[in-house]
>>> print(open('structure_27.txt').read())   # compact mmCIF, C-alpha atoms
# COMPACT_ATOMS: atom_id res chain seq x y z
CA MET A 126 13.22 28.85 0.13
CA VAL A 127 13.29 25.65 2.16
CA PRO A 128 15.42 23.00 0.40
CA LEU A 129 13.74 19.98 -1.17
CA THR A 130 15.57 17.50 1.08
CA TRP A 131 13.91 18.87 4.21
CA TYR A 132 10.48 18.13 2.81
CA LEU A 133 11.59 14.65 1.77
CA VAL A 134 12.95 13.90 5.25
CA LEU A 135 9.72 15.20 6.82
CA ALA A 136 7.66 13.02 4.49
CA ALA A 137 9.88 10.00 5.26
CA GLY A 138 9.35 10.57 8.99
CA LEU A 139 5.60 10.91 8.58
CA PHE A 140 5.49 7.78 6.40
CA CYS A 141 7.40 5.73 8.99
CA ILE A 142 5.11 6.91 11.80
CA GLY A 143 2.21 5.81 9.58
CA VAL A 144 3.82 2.42 8.96
CA PHE A 145 4.19 1.93 12.69
CA GLY A 146 0.54 2.86 13.28
CA ALA A 147 -0.73 0.62 10.49
CA LEU A 148 1.25 -2.43 11.63
CA ALA A 149 1.25 -2.09 15.42
CA ARG A 150 -2.28 -0.85 16.23
CA LYS A 151 -4.78 -3.38 17.50
CA ASN A 152 -7.90 -1.42 16.60
CA ALA A 153 -8.84 -1.45 12.91
CA VAL A 154 -9.72 2.27 12.97
CA GLY A 155 -6.22 2.94 14.35
CA VAL A 156 -4.76 0.96 11.45
CA LEU A 157 -6.76 3.09 9.01
CA MET A 158 -5.44 6.28 10.63
CA GLY A 159 -1.89 4.99 10.11
CA VAL A 160 -2.66 4.41 6.43
CA GLU A 161 -4.03 7.96 6.11
CA LEU A 162 -0.77 9.33 7.54
CA MET A 163 1.21 7.32 4.97
CA LEU A 164 -0.92 8.68 2.11
CA ASN A 165 -0.39 12.22 3.39
CA ALA A 166 3.37 11.68 3.47
CA VAL A 167 3.22 10.65 -0.18
CA ASN A 168 1.27 13.82 -0.97
CA ILE A 169 3.94 15.99 0.67
CA ASN A 170 6.53 14.31 -1.55
CA LEU A 171 4.46 14.87 -4.69
CA VAL A 172 3.88 18.55 -3.97
CA ALA A 173 7.50 19.12 -2.87
CA PHE A 174 8.80 17.59 -6.12
CA TRP A 175 6.33 19.68 -8.10
CA ARG A 176 7.51 22.88 -6.42
CA HIS A 177 11.22 22.17 -6.73
CA THR A 178 11.60 20.42 -10.07
CA ALA A 179 8.61 20.98 -12.35
CA VAL A 180 6.78 24.09 -11.24
CA GLY A 181 5.76 24.88 -14.81
CA GLU A 182 3.61 21.77 -15.12
CA MET A 183 0.77 20.84 -12.79
CA THR A 184 1.38 17.07 -12.80
CA GLY A 185 2.55 16.88 -9.19
CA GLN A 186 -0.50 18.67 -7.81
CA LEU A 187 -2.83 16.69 -10.08
CA PHE A 188 -1.41 13.45 -8.78
CA ALA A 189 -1.81 14.64 -5.19
CA ILE A 190 -5.49 15.38 -5.89
CA PHE A 191 -5.97 11.86 -7.26
CA VAL A 192 -4.30 10.44 -4.14
CA ILE A 193 -6.70 12.47 -1.97
CA THR A 194 -9.65 11.14 -4.00
CA VAL A 195 -8.56 7.53 -3.62
CA ALA A 196 -7.88 8.07 0.08
CA ALA A 197 -11.42 9.38 0.55
CA ALA A 198 -12.89 6.36 -1.25
CA GLU A 199 -10.68 4.02 0.78
CA ALA A 200 -11.67 5.62 4.08
CA ALA A 201 -15.39 5.42 3.25
CA VAL A 202 -15.26 1.73 2.24
CA GLY A 203 -12.89 0.81 5.09
CA LEU A 204 -14.99 2.40 7.78
CA ALA A 205 -18.16 0.84 6.33
CA LEU A 206 -16.42 -2.55 6.53
CA PHE A 207 -15.47 -1.95 10.17
CA ILE A 208 -19.05 -1.04 11.05
CA ALA A 209 -20.36 -4.17 9.29
CA ILE A 210 -17.76 -6.36 11.04
CA TYR A 211 -18.51 -4.76 14.39
CA ARG A 212 -22.21 -5.43 13.95
CA GLN A 213 -21.57 -9.13 13.33
CA ARG A 214 -18.71 -9.86 15.69
CA ARG A 215 -18.86 -7.08 18.33
CA THR A 216 -15.19 -6.28 17.78
CA VAL A 217 -12.88 -4.34 15.46
CA ASN A 218 -9.71 -5.83 16.91
CA VAL A 219 -7.68 -6.86 13.87
CA GLU A 220 -6.34 -9.92 15.68
CA GLU A 221 -9.83 -11.33 16.20
CA ILE A 222 -10.96 -10.72 12.62
CA ASP A 223 -9.35 -13.87 11.19
CA THR A 224 -12.13 -15.61 9.26
CA MET A 225 -9.99 -15.72 6.13
CA LYS A 226 -6.94 -17.09 7.94
CA GLY A 227 -5.75 -20.22 6.16
CA MET B 35 11.58 33.24 7.89
CA GLN B 36 10.49 30.24 5.79
CA PRO B 37 12.81 27.71 7.53
CA VAL B 38 11.39 28.74 10.89
CA ILE B 39 7.81 28.24 9.68
CA PHE B 40 8.81 24.93 8.11
CA ALA B 41 10.40 23.72 11.35
CA LEU B 42 7.31 24.74 13.31
CA LEU B 43 4.93 22.99 10.89
CA ALA B 44 7.12 19.89 10.75
CA LEU B 45 7.21 19.75 14.54
CA ILE B 46 3.40 20.08 14.76
CA THR B 47 2.84 17.47 12.03
CA LEU B 48 5.29 14.87 13.30
CA GLY B 49 4.31 15.40 16.94
CA ALA B 50 0.62 15.06 16.16
CA ALA B 51 1.29 12.00 13.97
CA ALA B 52 3.28 10.37 16.78
CA MET B 53 0.36 11.01 19.13
CA VAL B 54 -2.05 9.50 16.56
CA VAL B 55 -0.25 6.16 16.59
CA THR B 56 0.52 6.00 20.32
CA THR B 57 -2.47 7.52 22.16
CA ARG B 58 -4.46 4.96 24.09
CA ASN B 59 -7.82 6.66 23.56
CA LEU B 60 -8.80 6.36 19.88
CA LEU B 61 -11.04 9.43 19.94
CA ARG B 62 -8.08 11.53 21.08
CA ALA B 63 -5.99 9.89 18.36
CA ALA B 64 -8.58 11.08 15.81
CA LEU B 65 -8.33 14.64 17.18
CA TRP B 66 -4.52 14.50 16.91
CA LEU B 67 -5.01 13.27 13.36
CA ILE B 68 -6.94 16.48 12.60
CA LEU B 69 -4.01 18.53 13.93
CA ALA B 70 -1.61 16.53 11.75
CA PHE B 71 -3.82 17.23 8.69
CA PHE B 72 -3.76 20.95 9.48
CA GLY B 73 0.04 20.83 9.75
CA ILE B 74 0.24 19.17 6.33
CA ALA B 75 -2.09 21.83 4.90
CA GLY B 76 0.38 24.42 6.23
CA ILE B 77 3.22 22.59 4.50
CA PHE B 78 1.22 22.75 1.24
CA ILE B 79 0.80 26.53 1.64
CA LEU B 80 4.56 26.81 2.23
CA LEU B 81 5.01 24.93 -1.06
CA ASN B 82 2.71 27.42 -2.88
CA ALA B 83 0.01 24.79 -3.42
CA GLU B 84 -2.89 26.81 -1.97
CA PHE B 85 -5.62 24.86 -3.74
CA LEU B 86 -4.30 21.59 -2.34
CA ALA B 87 -4.13 23.08 1.14
CA VAL B 88 -7.81 24.04 0.97
CA ALA B 89 -8.69 20.63 -0.51
CA GLN B 90 -6.70 18.98 2.28
CA ILE B 91 -8.67 20.81 4.96
CA LEU B 92 -12.02 20.24 3.22
CA ILE B 93 -11.54 16.55 2.49
CA TYR B 94 -9.27 15.29 5.25
CA VAL B 95 -10.39 17.44 8.17
CA GLY B 96 -13.95 17.96 6.99
CA ALA B 97 -14.79 14.50 5.67
CA ILE B 98 -12.29 11.77 6.53
CA ALA B 99 -11.65 12.84 10.15
CA THR B 100 -15.40 13.18 10.74
CA LEU B 101 -15.94 9.73 9.24
CA VAL B 102 -13.22 8.26 11.49
CA ILE B 103 -14.79 9.84 14.58
CA PHE B 104 -18.20 8.44 13.58
CA ALA B 105 -16.70 4.97 13.14
CA ILE B 106 -15.02 5.18 16.54
CA MET B 107 -18.30 6.16 18.17
CA LEU B 108 -20.23 3.38 16.41
CA THR B 109 -17.71 0.78 17.60
CA ARG B 110 -17.56 2.22 21.05
CA ASN B 111 -16.52 -0.56 23.40
CA MET B 112 -13.13 -0.78 21.67
CA MET B 113 -12.27 2.56 23.29
CA ASP B 114 -11.93 0.79 26.62
CA PRO B 115 -8.62 2.11 28.01
CA SER B 116 -7.80 -1.23 29.63
CA GLN B 117 -7.44 -2.77 26.16
CA PRO B 118 -3.85 -2.90 24.92
CA ARG B 119 -3.34 -0.41 22.10
CA PHE B 120 -0.63 -2.38 20.26
CA ASN B 121 -0.36 -6.01 19.20
CA GLU B 122 2.60 -8.03 20.44
CA GLN B 123 4.69 -7.39 17.33
CA TRP B 124 4.91 -3.64 18.06
CA GLY B 125 8.56 -3.83 19.12
CA VAL B 126 9.62 -5.40 15.84
CA VAL B 127 7.42 -2.97 13.90
CA GLY B 128 8.90 0.01 15.75
CA GLY B 129 12.41 -1.18 14.93
CA PHE B 130 11.43 -1.71 11.31
CA ALA B 131 9.86 1.75 11.02
CA ALA B 132 12.93 3.39 12.58
CA LEU B 133 15.23 1.46 10.23
CA LEU B 134 13.07 2.43 7.24
CA PHE B 135 13.30 6.09 8.27
CA VAL B 136 17.09 5.93 8.59
CA VAL B 137 17.39 4.30 5.15
CA LEU B 138 14.98 6.75 3.49
CA ALA B 139 16.61 9.79 5.12
CA ALA B 140 20.07 8.55 4.07
CA ILE B 141 18.89 8.11 0.49
CA VAL B 142 17.07 11.43 0.10
CA THR B 143 19.94 13.43 1.59
CA ARG B 144 22.57 11.76 -0.62
CA VAL B 145 20.87 11.84 -4.00
CA THR B 146 21.35 15.07 -5.94
CA TRP B 147 17.85 15.91 -7.05
CA PRO B 148 17.42 17.75 -10.37
CA VAL B 149 16.22 20.89 -8.64
CA ALA B 150 15.10 23.59 -11.04
CA ALA B 151 14.29 26.78 -9.22
CA GLY B 152 11.43 28.60 -10.83
CA ASP B 153 8.69 30.99 -9.90
CA VAL B 154 5.23 29.62 -9.35
CA PRO B 155 2.97 30.66 -12.23
CA ALA B 156 0.31 33.11 -11.16
CA ASP B 157 -2.54 31.01 -12.58
CA THR B 158 -1.85 27.62 -10.95
CA ILE B 159 -5.47 27.00 -10.02
CA GLN B 160 -6.65 27.93 -13.51
CA ARG B 161 -4.07 25.56 -15.01
CA LEU B 162 -5.10 22.82 -12.61
CA GLY B 163 -8.68 23.18 -13.78
CA SER B 164 -7.89 23.20 -17.48
CA ASP B 165 -5.54 20.21 -17.06
CA PHE B 166 -8.36 18.28 -15.41
CA VAL B 167 -10.68 18.76 -18.36
CA GLY B 168 -7.86 18.67 -20.92
CA PRO B 169 -5.07 16.06 -20.93
CA TYR B 170 -6.23 14.40 -17.70
CA VAL B 171 -9.93 14.14 -18.48
CA VAL B 172 -9.95 10.31 -18.53
CA PRO B 173 -8.34 9.84 -15.07
CA PHE B 174 -10.65 12.59 -13.82
CA GLU B 175 -13.75 10.73 -15.02
CA VAL B 176 -12.40 7.43 -13.68
CA ALA B 177 -11.92 9.12 -10.30
CA SER B 178 -15.55 10.23 -10.28
CA VAL B 179 -16.68 6.68 -11.16
CA LEU B 180 -14.46 5.40 -8.32
CA LEU B 181 -16.11 7.79 -5.89
CA VAL B 182 -19.61 6.69 -6.94
CA VAL B 183 -18.62 3.02 -6.64
CA ALA B 184 -17.07 3.63 -3.21
CA MET B 185 -20.18 5.49 -2.04
CA VAL B 186 -22.60 2.78 -3.22
CA GLY B 187 -20.31 0.06 -1.87
CA ALA B 188 -20.01 1.74 1.53
CA ILE B 189 -23.80 2.08 1.80
CA ILE B 190 -24.37 -1.57 0.85
CA ILE B 191 -21.66 -2.90 3.17
CA ALA B 192 -22.72 -0.87 6.20
CA ARG B 193 -26.46 -1.42 5.70
CA GLU B 194 -28.29 -3.46 8.31
CA ARG B 195 -29.45 -6.78 6.87
CA GLU B 196 -32.88 -8.06 7.79
>>> encode(input="structure_27.txt", output="structure tokens")
Amino acid sequence: MVPLTWYLVLAAGLFCIGVFGALARKNAVGVLMGVELMLNAVNINLVAFWRHTAVGEMTGQLFAIFVITVAAAEAAVGLALFIAIYRQRRTVNVEEIDTMKG
Amino acid sequence: MQPVIFALLALITLGAAAMVVTTRNLLRAALWLILAFFGIAGIFILLNAEFLAVAQILIYVGAIATLVIFAIMLTRNMMDPSQPRFNEQWGVVGGFAALLFVVLAAIVTRVTWPVAAGDVPADTIQRLGSDFVGPYVVPFEVASVLLVVAMVGAIIIARERE
């Protein structure tokens, strides 16, 4: 069986790639894709811990399912926001969407 | 055999994820994202979480990736390849992400995790289902309310105003 640490390192790598995408991308949809990668990295951690430390209980998998649910809701609302913003301002560049900047 | 499969899946997942955040063309980035989701589904199968792997493919590949592609097409002129793909802080962010990875990797390899080897119960999916309507029934119902709220909210936000 593959040791737990390998999964954790893989998830850490995926999470950091997601962080880079979420913070460095100019396009809002690109930012959202980075966030999705981060959520997936968290899911890998949850399932890996379930498999290696508490296989008798389903808590790890249950939590992963809740994360997937919230990610789906977040993606739907986020993309609807981008479409609404695009309709008004003809752009989804996160640097130009600064109405709430103080 | 398992380490080889793991290495292959990890390579696919991380490679595809790296392409997602660096590709200039956003539509291609979305297609790489689908490959990354498939790699993660493979990782779930390797971890004996078959139900989650199927849910991953159904929800992430089937719904979220499709939604992302739709959003890219509806906001089309941002796909212009002459546009810069990163903002000017990308160097700092790259350094930060690399540092974060080094720190996280150092931590997870040093900590001794309370690993308890055990066989996967044969009825995981059945248990998952009875846990959802048993001890976790309240979070389950809250999740369904959240989904309804998100759906209604998305429709209202994206609707064309007269």
>>> closest_residue(input="structure_27.txt", among="B:Leu67, B:Pro173, B:Gly73, B:Ile103", to="A:Leu135", atoms="all atoms listed in the file")
B:Gly73
>>> residues_around(input="structure_27.txt", residues="stretch 77-92 of chain B", least_positions_apart="3", cutoff="7 Å", atoms="all atoms listed in the file", output="count of residues only")
10
>>> residues_near_point(input="structure_27.txt", point="(-4.2, -0.6, 13.9)", cutoff="9 Å", atoms="all atoms listed in the file", output="VMD selection string")
(chain A and resid 145 to 159 218 to 219) or (chain B and resid 55 119 to 121)
>>> atom_distance(input="structure_27.txt", atom1="atom CA of B:Trp147", atom2="atom CA of A:Thr178")
8.3 Å
>>> atom_distance(input="structure_27.txt", atom1="atom CA of B:Gly49", atom2="atom CA of B:Ile93")
21.5 Å
>>> closest_residue(input="structure_27.txt", among="B:Val186, B:Ala192, B:Ala50, B:Ala70", to="chain A", atoms="only C-alpha atoms")
B:Ala192
>>> closest_residue(input="structure_27.txt", among="A:Ala189, A:Met225, A:Val144, A:Leu206", to="A:Ile169", atoms="all atoms listed in the file")
A:Ala189
>>> closest_residue(input="structure_27.txt", among="A:Leu171, A:Val192, A:Leu164, A:Ile208", to="chain B", atoms="all atoms listed in the file")
A:Ile208
>>> atom_distance(input="structure_27.txt", atom1="atom CA of A:Ala166", atom2="atom CA of B:Phe135")
12.4 Å
>>> residues_around(input="structure_27.txt", residues="A:Ala196", least_positions_apart="2", cutoff="10 Å", atoms="all atoms listed in the file", output="number ranges by chain")
A: 160-161, 164-165, 190-194, 198-202; B: 93-94, 98
>>> closest_residue(input="structure_27.txt", among="A:Gln213, A:Gly227, A:Thr184, A:Val134", to="chain B", atoms="only C-alpha atoms")
A:Val134
>>> closest_residue(input="structure_27.txt", among="A:Ala197, A:Val127, A:Met163, A:Leu139", to="B:Val38", atoms="only C-alpha atoms")
A:Val127
>>> residues_around(input="structure_27.txt", residues="B:Arg195", least_positions_apart="5", cutoff="12 Å", atoms="only C-alpha atoms", output="PyMOL selection string")
(chain A and resi 209+212-213) or (chain B and resi 189-190)
>>> residues_around(input="structure_27.txt", residues="B:Tyr170", least_positions_apart="4", cutoff="12 Å", atoms="only C-alpha atoms", output="ChimeraX atom specification")
/A:183-184,187-188,190-191 /B:161-166,174-177
